[in-house]
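Here is input_20.pdb, consisting of PDB, C-alpha atoms:
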ATOM      1  CA  MET K   1     -85.692 155.281  80.918
ATOM      2  CA  THR K   2     -82.302 154.155  79.638
ATOM      3  CA  ARG K   3     -82.120 152.809  76.142
ATOM      4  CA  THR K   4     -79.724 150.001  75.323
ATOM      5  CA  VAL K   5     -78.833 148.939  71.805
ATOM      6  CA  LEU K   6     -76.747 145.767  71.757
ATOM      7  CA  LEU K   7     -75.334 143.889  68.776
ATOM      8  CA  ALA K   8     -74.805 140.122  69.177
ATOM      9  CA  LEU K   9     -72.745 137.889  66.871
ATOM     10  CA  ASP K  10     -72.351 134.125  66.759
ATOM     11  CA  THR K  11     -70.427 132.108  64.179
ATOM     12  CA  SER K  12     -69.513 129.160  66.408
ATOM     13  CA  THR K  13     -71.393 126.710  64.161
ATOM     14  CA  GLU K  14     -72.099 126.470  60.437
ATOM     15  CA  TYR K  15     -74.557 129.351  60.866
ATOM     16  CA  CYS K  16     -73.867 133.057  60.680
ATOM     17  CA  SER K  17     -76.127 134.439  63.407
ATOM     18  CA  VAL K  18     -76.523 138.159  64.106
ATOM     19  CA  ALA K  19     -79.039 139.908  66.352
ATOM     20  CA  LEU K  20     -79.784 143.504  67.279
ATOM     21  CA  LEU K  21     -81.449 144.067  70.666
ATOM     22  CA  ASP K  22     -83.144 147.399  71.417
ATOM     23  CA  ALA K  23     -84.409 147.813  74.991
ATOM     24  CA  ASP K  24     -85.556 150.439  77.476
ATOM     25  CA  ALA K  25     -85.150 149.861  81.198
ATOM     26  CA  ARG K  26     -84.430 151.808  84.343
ATOM     27  CA  ALA K  27     -81.031 151.039  85.817
ATOM     28  CA  GLY K  28     -81.230 148.148  88.262
ATOM     29  CA  GLN K  29     -84.844 147.363  87.423
ATOM     30  CA  PRO K  30     -86.455 144.857  85.043
ATOM     31  CA  PRO K  31     -87.721 146.257  81.741
ATOM     32  CA  ALA K  32     -91.320 147.372  81.477
ATOM     33  CA  VAL K  33     -91.608 145.647  78.123
ATOM     34  CA  ALA K  34     -89.596 142.925  76.442
ATOM     35  CA  PRO K  35     -86.770 144.230  74.267
ATOM     36  CA  ARG K  36     -87.167 144.285  70.521
ATOM     37  CA  VAL K  37     -84.803 141.871  68.806
ATOM     38  CA  LEU K  38     -84.122 141.681  65.069
ATOM     39  CA  ALA K  39     -82.028 138.832  63.673
ATOM     40  CA  ARG K  40     -80.402 137.161  60.707
ATOM     41  CA  HIS K  41     -79.610 133.456  61.092
ATOM     42  CA  GLU K  42     -78.282 131.835  57.944
ATOM     43  CA  LYS K  43     -76.484 128.599  57.182
ATOM     44  CA  THR K  44     -73.291 129.839  55.581
ATOM     45  CA  GLY K  45     -70.851 127.020  56.258
ATOM     46  CA  ALA K  46     -67.236 128.164  56.174
ATOM     47  CA  VAL K  47     -67.962 131.621  54.754
ATOM     48  CA  SER K  48     -69.536 133.251  57.803
ATOM     49  CA  SER K  49     -66.781 135.857  57.819
ATOM     50  CA  ALA K  50     -68.031 137.212  54.495
ATOM     51  CA  ARG K  51     -71.636 137.442  55.694
ATOM     52  CA  VAL K  52     -71.329 138.926  59.197
ATOM     53  CA  LEU K  53     -70.860 142.602  58.377
ATOM     54  CA  PRO K  54     -73.481 142.720  55.588
ATOM     55  CA  ALA K  55     -75.954 141.102  58.024
ATOM     56  CA  VAL K  56     -75.059 143.707  60.663
ATOM     57  CA  LYS K  57     -75.757 146.535  58.221
ATOM     58  CA  GLU K  58     -79.089 144.978  57.223
ATOM     59  CA  LEU K  59     -80.231 144.833  60.842
ATOM     60  CA  PHE K  60     -79.286 148.421  61.627
ATOM     61  CA  ASP K  61     -81.003 149.584  58.445
ATOM     62  CA  GLU K  62     -84.118 147.592  59.349
ATOM     63  CA  ALA K  63     -84.143 149.090  62.851
ATOM     64  CA  GLY K  64     -83.596 152.620  61.577
ATOM     65  CA  LEU K  65     -80.399 152.870  63.618
ATOM     66  CA  THR K  66     -76.679 153.213  62.977
ATOM     67  CA  LEU K  67     -73.655 151.636  64.600
ATOM     68  CA  ARG K  68     -73.184 154.890  66.504
ATOM     69  CA  ASP K  69     -76.401 154.111  68.395
ATOM     70  CA  CYS K  70     -74.894 150.889  69.743
ATOM     71  CA  ASN K  71     -73.950 150.554  73.430
ATOM     72  CA  ALA K  72     -72.147 147.207  73.412
ATOM     73  CA  ILE K  73     -71.037 144.330  71.187
ATOM     74  CA  ALA K  74     -71.638 140.731  72.296
ATOM     75  CA  PHE K  75     -70.239 137.590  70.718
ATOM     76  CA  GLY K  76     -70.450 133.843  71.128
ATOM     77  CA  ALA K  77     -67.119 133.179  72.826
ATOM     78  CA  GLY K  78     -67.282 129.409  72.559
ATOM     79  CA  PRO K  79     -66.898 126.573  72.697
ATOM     80  CA  GLY K  80     -67.423 125.794  69.030
ATOM     81  CA  SER K  81     -65.664 125.860  65.686
ATOM     82  CA  PHE K  82     -62.157 127.280  66.098
ATOM     83  CA  THR K  83     -62.417 129.318  62.904
ATOM     84  CA  GLY K  84     -65.934 130.485  63.709
ATOM     85  CA  LEU K  85     -64.978 131.595  67.214
ATOM     86  CA  ARG K  86     -62.075 133.605  65.859
ATOM     87  CA  THR K  87     -64.389 135.219  63.307
ATOM     88  CA  ALA K  88     -66.934 136.383  65.878
ATOM     89  CA  ALA K  89     -64.264 137.558  68.320
ATOM     90  CA  GLY K  90     -62.395 139.417  65.577
ATOM     91  CA  VAL K  91     -65.475 141.204  64.257
ATOM     92  CA  ALA K  92     -66.597 142.103  67.786
ATOM     93  CA  GLN K  93     -63.139 143.451  68.596
ATOM     94  CA  GLY K  94     -62.926 145.456  65.387
ATOM     95  CA  LEU K  95     -66.326 147.084  65.858
ATOM     96  CA  ALA K  96     -65.711 147.725  69.552
ATOM     97  CA  PHE K  97     -62.325 149.325  68.888
ATOM     98  CA  GLY K  98     -63.741 151.602  66.206
ATOM     99  CA  LEU K  99     -66.724 152.684  68.307
ATOM    100  CA  ALA K 100     -64.997 152.648  71.733
ATOM    101  CA  LEU K 101     -67.567 150.194  73.087
ATOM    102  CA  PRO K 102     -67.429 147.449  75.719
ATOM    103  CA  VAL K 103     -67.588 143.807  74.669
ATOM    104  CA  VAL K 104     -69.753 141.095  76.231
ATOM    105  CA  PRO K 105     -68.372 137.564  75.691
ATOM    106  CA  VAL K 106     -71.121 134.954  76.138
ATOM    107  CA  SER K 107     -70.618 131.207  76.350
ATOM    108  CA  THR K 108     -72.302 129.397  73.486
ATOM    109  CA  LEU K 109     -73.458 126.812  76.032
ATOM    110  CA  LEU K 110     -75.124 129.552  78.061
ATOM    111  CA  ALA K 111     -76.813 130.703  74.848
ATOM    112  CA  CYS K 112     -78.212 127.168  74.512
ATOM    113  CA  ALA K 113     -79.584 127.316  78.057
ATOM    114  CA  GLU K 114     -81.089 130.749  77.389
ATOM    115  CA  SER K 115     -82.665 129.454  74.188
ATOM    116  CA  ALA K 116     -84.279 126.567  76.078
ATOM    117  CA  ARG K 117     -85.676 128.939  78.710
ATOM    118  CA  LEU K 118     -87.018 131.410  76.147
ATOM    119  CA  ARG K 119     -88.895 128.575  74.479
ATOM    120  CA  ASP K 120     -89.986 126.922  77.737
ATOM    121  CA  PRO K 121     -90.165 129.128  80.869
ATOM    122  CA  ALA K 122     -90.245 125.937  82.967
ATOM    123  CA  ALA K 123     -86.663 125.171  81.898
ATOM    124  CA  ALA K 124     -85.087 126.343  85.158
ATOM    125  CA  ARG K 125     -82.329 123.722  85.164
ATOM    126  CA  VAL K 126     -80.563 123.167  81.865
ATOM    127  CA  LEU K 127     -77.795 120.788  80.906
ATOM    128  CA  ALA K 128     -76.385 122.266  77.691
ATOM    129  CA  VAL K 129     -74.494 119.718  75.587
ATOM    130  CA  LEU K 130     -73.048 120.232  72.103
ATOM    131  CA  ASP K 131     -71.321 117.810  69.750
ATOM    132  CA  ALA K 132     -67.593 118.589  69.942
ATOM    133  CA  ARG K 133     -66.624 116.057  67.246
ATOM    134  CA  MET K 134     -63.947 113.424  67.880
ATOM    135  CA  GLY K 135     -66.491 111.468  69.934
ATOM    136  CA  GLU K 136     -66.667 114.154  72.631
ATOM    137  CA  VAL K 137     -69.088 116.824  73.827
ATOM    138  CA  TYR K 138     -68.907 120.357  75.156
ATOM    139  CA  TRP K 139     -71.168 120.669  78.168
ATOM    140  CA  ALA K 140     -72.199 122.889  81.082
ATOM    141  CA  ASP K 141     -74.906 122.814  83.734
ATOM    142  CA  TYR K 142     -76.982 125.922  84.529
ATOM    143  CA  ALA K 143     -79.706 126.772  87.048
ATOM    144  CA  TRP K 144     -82.043 129.748  86.530
ATOM    145  CA  SER K 145     -82.879 131.944  89.519
ATOM    146  CA  ALA K 146     -86.242 133.678  89.204
ATOM    147  CA  ASP K 147     -85.296 135.985  92.087
ATOM    148  CA  SER K 148     -82.164 137.380  90.473
ATOM    149  CA  ALA K 149     -83.285 136.730  86.875
ATOM    150  CA  GLU K 150     -79.873 135.211  86.190
ATOM    151  CA  TRP K 151     -78.269 131.886  85.396
ATOM    152  CA  ARG K 152     -76.100 130.253  88.029
ATOM    153  CA  ILE K 153     -73.264 128.077  86.772
ATOM    154  CA  VAL K 154     -73.543 124.657  88.417
ATOM    155  CA  SER K 155     -70.820 123.080  86.263
ATOM    156  CA  ALA K 156     -68.609 125.307  84.127
ATOM    157  CA  PRO K 157     -68.138 124.627  80.399
ATOM    158  CA  ALA K 158     -65.971 121.574  79.823
ATOM    159  CA  LEU K 159     -65.043 118.921  77.283
ATOM    160  CA  GLY K 160     -66.018 115.346  78.063
ATOM    161  CA  ASP K 161     -67.201 111.904  77.077
ATOM    162  CA  PRO K 162     -70.935 111.870  76.246
ATOM    163  CA  GLY K 163     -71.523 108.895  78.525
ATOM    164  CA  ALA K 164     -69.774 110.365  81.560
ATOM    165  CA  LEU K 165     -71.522 113.683  82.185
ATOM    166  CA  ALA K 166     -72.693 114.679  85.659
ATOM    167  CA  ILE K 167     -76.488 114.349  85.478
ATOM    168  CA  PRO K 168     -78.503 116.829  87.589
ATOM    169  CA  SER K 169     -80.414 115.293  90.490
ATOM    170  CA  GLU K 170     -83.469 117.484  89.807
ATOM    171  CA  PRO K 171     -85.677 117.642  86.677
ATOM    172  CA  PHE K 172     -83.730 119.261  83.855
ATOM    173  CA  THR K 173     -83.889 120.176  80.197
ATOM    174  CA  LEU K 174     -81.225 118.790  77.897
ATOM    175  CA  ALA K 175     -80.358 121.550  75.415
ATOM    176  CA  GLY K 176     -78.173 121.291  72.325
ATOM    177  CA  ASN K 177     -77.502 118.930  69.439
ATOM    178  CA  ALA K 178     -75.675 116.167  71.326
ATOM    179  CA  ALA K 179     -78.737 113.930  71.761
ATOM    180  CA  ALA K 180     -79.183 113.777  67.993
ATOM    181  CA  ALA K 181     -75.466 113.239  67.446
ATOM    182  CA  PHE K 182     -74.836 110.523  70.060
ATOM    183  CA  GLY K 183     -78.171 108.825  70.702
ATOM    184  CA  ASP K 184     -77.971 106.201  73.467
ATOM    185  CA  ARG K 185     -74.329 107.070  74.177
ATOM    186  CA  LEU K 186     -75.579 110.284  75.813
ATOM    187  CA  ALA K 187     -76.979 108.951  79.076
ATOM    188  CA  ALA K 188     -78.275 112.389  80.044
ATOM    189  CA  ALA K 189     -80.848 112.248  77.249
ATOM    190  CA  GLY K 190     -82.758 109.424  78.913
ATOM    191  CA  ALA K 191     -82.697 111.181  82.292
ATOM    192  CA  ALA K 192     -83.918 114.571  81.068
ATOM    193  CA  ARG K 193     -87.481 115.756  81.635
ATOM    194  CA  THR K 194     -87.347 117.089  78.090
ATOM    195  CA  VAL K 195     -84.834 117.280  75.249
ATOM    196  CA  ASP K 196     -84.648 120.517  73.253
ATOM    197  CA  GLY K 197     -82.525 119.767  70.225
ATOM    198  CA  GLU K 198     -83.273 123.183  68.727
ATOM    199  CA  ALA K 199     -81.723 125.061  71.652
ATOM    200  CA  VAL K 200     -78.394 125.550  69.888
ATOM    201  CA  PRO K 201     -76.088 128.582  69.574
ATOM    202  CA  HIS K 202     -78.096 131.475  68.126
ATOM    203  CA  ALA K 203     -77.650 135.246  68.305
ATOM    204  CA  VAL K 204     -81.135 135.937  69.735
ATOM    205  CA  PRO K 205     -80.758 134.079  73.065
ATOM    206  CA  LEU K 206     -77.145 135.242  73.112
ATOM    207  CA  ALA K 207     -78.367 138.850  72.886
ATOM    208  CA  HIS K 208     -80.786 138.359  75.798
ATOM    209  CA  ALA K 209     -78.054 136.849  77.989
ATOM    210  CA  ALA K 210     -75.596 139.560  76.944
ATOM    211  CA  TRP K 211     -78.078 142.319  77.757
ATOM    212  CA  ARG K 212     -78.356 141.113  81.359
ATOM    213  CA  ALA K 213     -74.569 140.861  81.577
ATOM    214  CA  TYR K 214     -74.156 144.362  80.181
ATOM    215  CA  ARG K 215     -76.632 145.843  82.665
ATOM    216  CA  ALA K 216     -74.768 144.083  85.484
ATOM    217  CA  GLY K 217     -71.433 145.465  84.287
ATOM    218  CA  ARG K 218     -69.995 142.119  83.202
ATOM    219  CA  VAL K 219     -68.128 143.464  80.187
ATOM    220  CA  VAL K 220     -64.552 143.530  78.922
ATOM    221  CA  SER K 221     -62.570 145.906  76.771
ATOM    222  CA  ALA K 222     -62.007 145.160  73.107
ATOM    223  CA  GLU K 223     -58.405 144.211  73.933
ATOM    224  CA  GLN K 224     -59.599 141.545  76.382
ATOM    225  CA  ALA K 225     -62.185 139.936  74.103
ATOM    226  CA  ALA K 226     -61.056 136.405  73.254
ATOM    227  CA  PRO K 227     -62.565 133.040  72.291
ATOM    228  CA  GLU K 228     -63.131 130.290  74.863
ATOM    229  CA  TYR K 229     -61.953 127.223  72.982
ATOM    230  CA  ILE K 230     -62.227 124.616  75.814
ATOM    231  CA  ARG K 231     -60.428 122.101  73.595
ATOM    232  CA  ASP K 232     -56.874 123.424  73.331
ATOM    233  CA  LYS K 233     -55.923 121.264  70.378
ATOM    234  CA  VAL K 234     -58.029 120.342  67.363
ATOM    235  CA  ALA K 235     -55.490 118.778  65.001
ATOM    236  CA  GLN K 236     -54.344 115.333  66.100
ATOM    237  CA  THR K 237     -51.757 113.076  64.517
ATOM    238  CA  SER K 238     -52.828 109.653  63.286
ATOM    239  CA  ALA K 239     -51.106 108.084  66.302
ATOM    240  CA  GLU K 240     -52.967 110.388  68.705
ATOM    241  CA  ARG K 241     -56.313 109.625  67.080
ATOM    242  CA  GLU K 242     -55.580 105.888  67.276
ATOM    243  CA  ALA K 243     -54.626 106.187  70.958
ATOM    244  CA  VAL K 244     -57.867 108.021  71.768
ATOM    245  CA  ARG K 245     -59.875 105.430  69.831
ATOM    246  CA  ALA K 246     -58.171 102.562  71.699
ATOM    247  CA  VAL K 247     -58.932 104.127  75.093
ATOM    248  CA  ARG K 248     -62.597 104.608  74.175
ATOM    249  CA  GLU K 249     -62.940 101.061  72.888
ATOM    250  CA  GLU K 250     -61.354  99.730  76.076
ATOM    251  CA  GLY K 251     -63.807 101.777  78.137
ATOM    252  CA  ARG K 252     -66.807 100.366  76.263
ATOM    253  CA  GLY K 253     -65.573  96.837  76.857
ATOM    254  CA  GLN K 254     -65.465  97.207  80.638
TER     255      GLN K 254
END
Written form, structure tokens:
Amino acid sequence: MTRTVLLALDTSTEYCSVALLDADARAGQPPAVAPRVLARHEKTGAVSSARVLPAVKELFDEAGLTLRDCNAIAFGAGPGSFTGLRTAAGVAQGLAFGLALPVVPVSTLLACAESARLRDPAAARVLAVLDARMGEVYWADYAWSADSAEWRIVSAPALGDPGALAIPSEPFTLAGNAAAAFGDRLAAAGAARTVDGEAVPHAVPLAHAAWRAYRAGRVVSAEQAAPEYIRDKVAQTSAEREAVRAVREEGRGQ
């Protein structure tokens, strides 16, 4: 049996989320038992950077392990808060450099899909949609394959209008906080077989997704670890904001 200890970090939202996954599995085969996962998930607001490392130490102490026992570092690569994404990527890079470990970047939207599936095994098709502010959403479409025990990307993470998303033609779960944020403006909510508003970025589902990626060799070096912002500009001038607002109002009137 091969033991894998994986640390997962997510600070893409107002939560500081850290998980430690400890698993045994033969290479290329599914695990005999589900991995043990310990976690800290705390609403810290803008001070996640001050809480991440203490939370990491608490988890290793609780597990009776040290950082030297770790095989890989995973982090929520985005999309999400610009500052939060930089925090998680920076901490993951720093730890990986110091320990000479590989890094596993995981989309926060994929973590939402994984969360929905962990809570509902019937969630084999998941449209993950998160509030991106400025009247827009981050979204991606995933399909779970029971044969390969992996997610297939149907539509890659993107930024879009909540009323213009591509809705799956088969029964799907809507994961994420966008339904609560946009209500009737999110047409996908009314088409979904179920809406899971609690399937949001969290280190536990992120750790599960990262573990599969690590076993499949989908890792990067510490130097290559970087956030996936999706939106390439967050600060708009007043004129830009007014232009965006005018376009959206015109679209609603048609």
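Atom pair atom CA of K:Ala8 / atom CA of K:Val126: separated by 21.9 Å.
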*Do you know which residues are at most 10 Å from K:Arg152 counting all atoms listed in the file, after dropping those on the same chain fewer than 5 positions away, and could you put them as a PyMOL selection string?*
chain K and resi 125+141-145
*Can you turn the PyMOL selection byres ((chain K and resi 46) around 12) into a concrete residue list for this file, as a ChimeraX atom specification?*
/K:11-16,42-45,47-52,81-85,87
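Minimum atom-to-atom distance to K:Cys70, evaluated using all atoms listed in the file, belongs to K:Leu20 out of K:Leu20, K:Leu9, K:Val91, K:Val129.
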_Neighbouring residues of K:Leu127 were defined as those with any atom within 7 Å, considering only C-alpha atoms; residues of the same chain fewer than 4 positions away were excluded. Please report them as number ranges by chain._
K: 140-142, 172-175
*Calculate how many Å separate atom CA of K:Pro54 from atom CA of K:Gln93, rounding to one decimal.*
16.6 Å
*Find the distance between atom CA of K:Pro79 and atom CA of K:Tyr229 and write it in Å to one decimal.*
5.0 Å
*How would you write, as JSON, numbers by chain, the residues chosen by the PyMOL selection byres ((chain K and resi 132) around 10) on this structure?*
{"K": [79, 80, 81, 129, 130, 131, 133, 134, 135, 136, 137, 138, 139, 159, 160, 161, 162, 177, 178, 181, 230, 231]}
*Please evaluate the PyMOL selection byres ((chain K and resi 119) around 12) against the structure above and give the resulting residues as number ranges by chain.*
K: 112-118, 120-124, 173, 175, 196-200, 204-205
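Residue nearest K:Pro102 within the list K:Ala72, K:Ala164, K:Ala213, K:Val18: K:Ala72 [criterion: smallest interatomic distance, only C-alpha atoms].
Of the residues listed (K:Arg68, K:Ala210, K:Thr4, K:Gly183), K:Ala210 shows the shortest atom-to-atom separation from K:Val106; distances use all atoms listed in the file.
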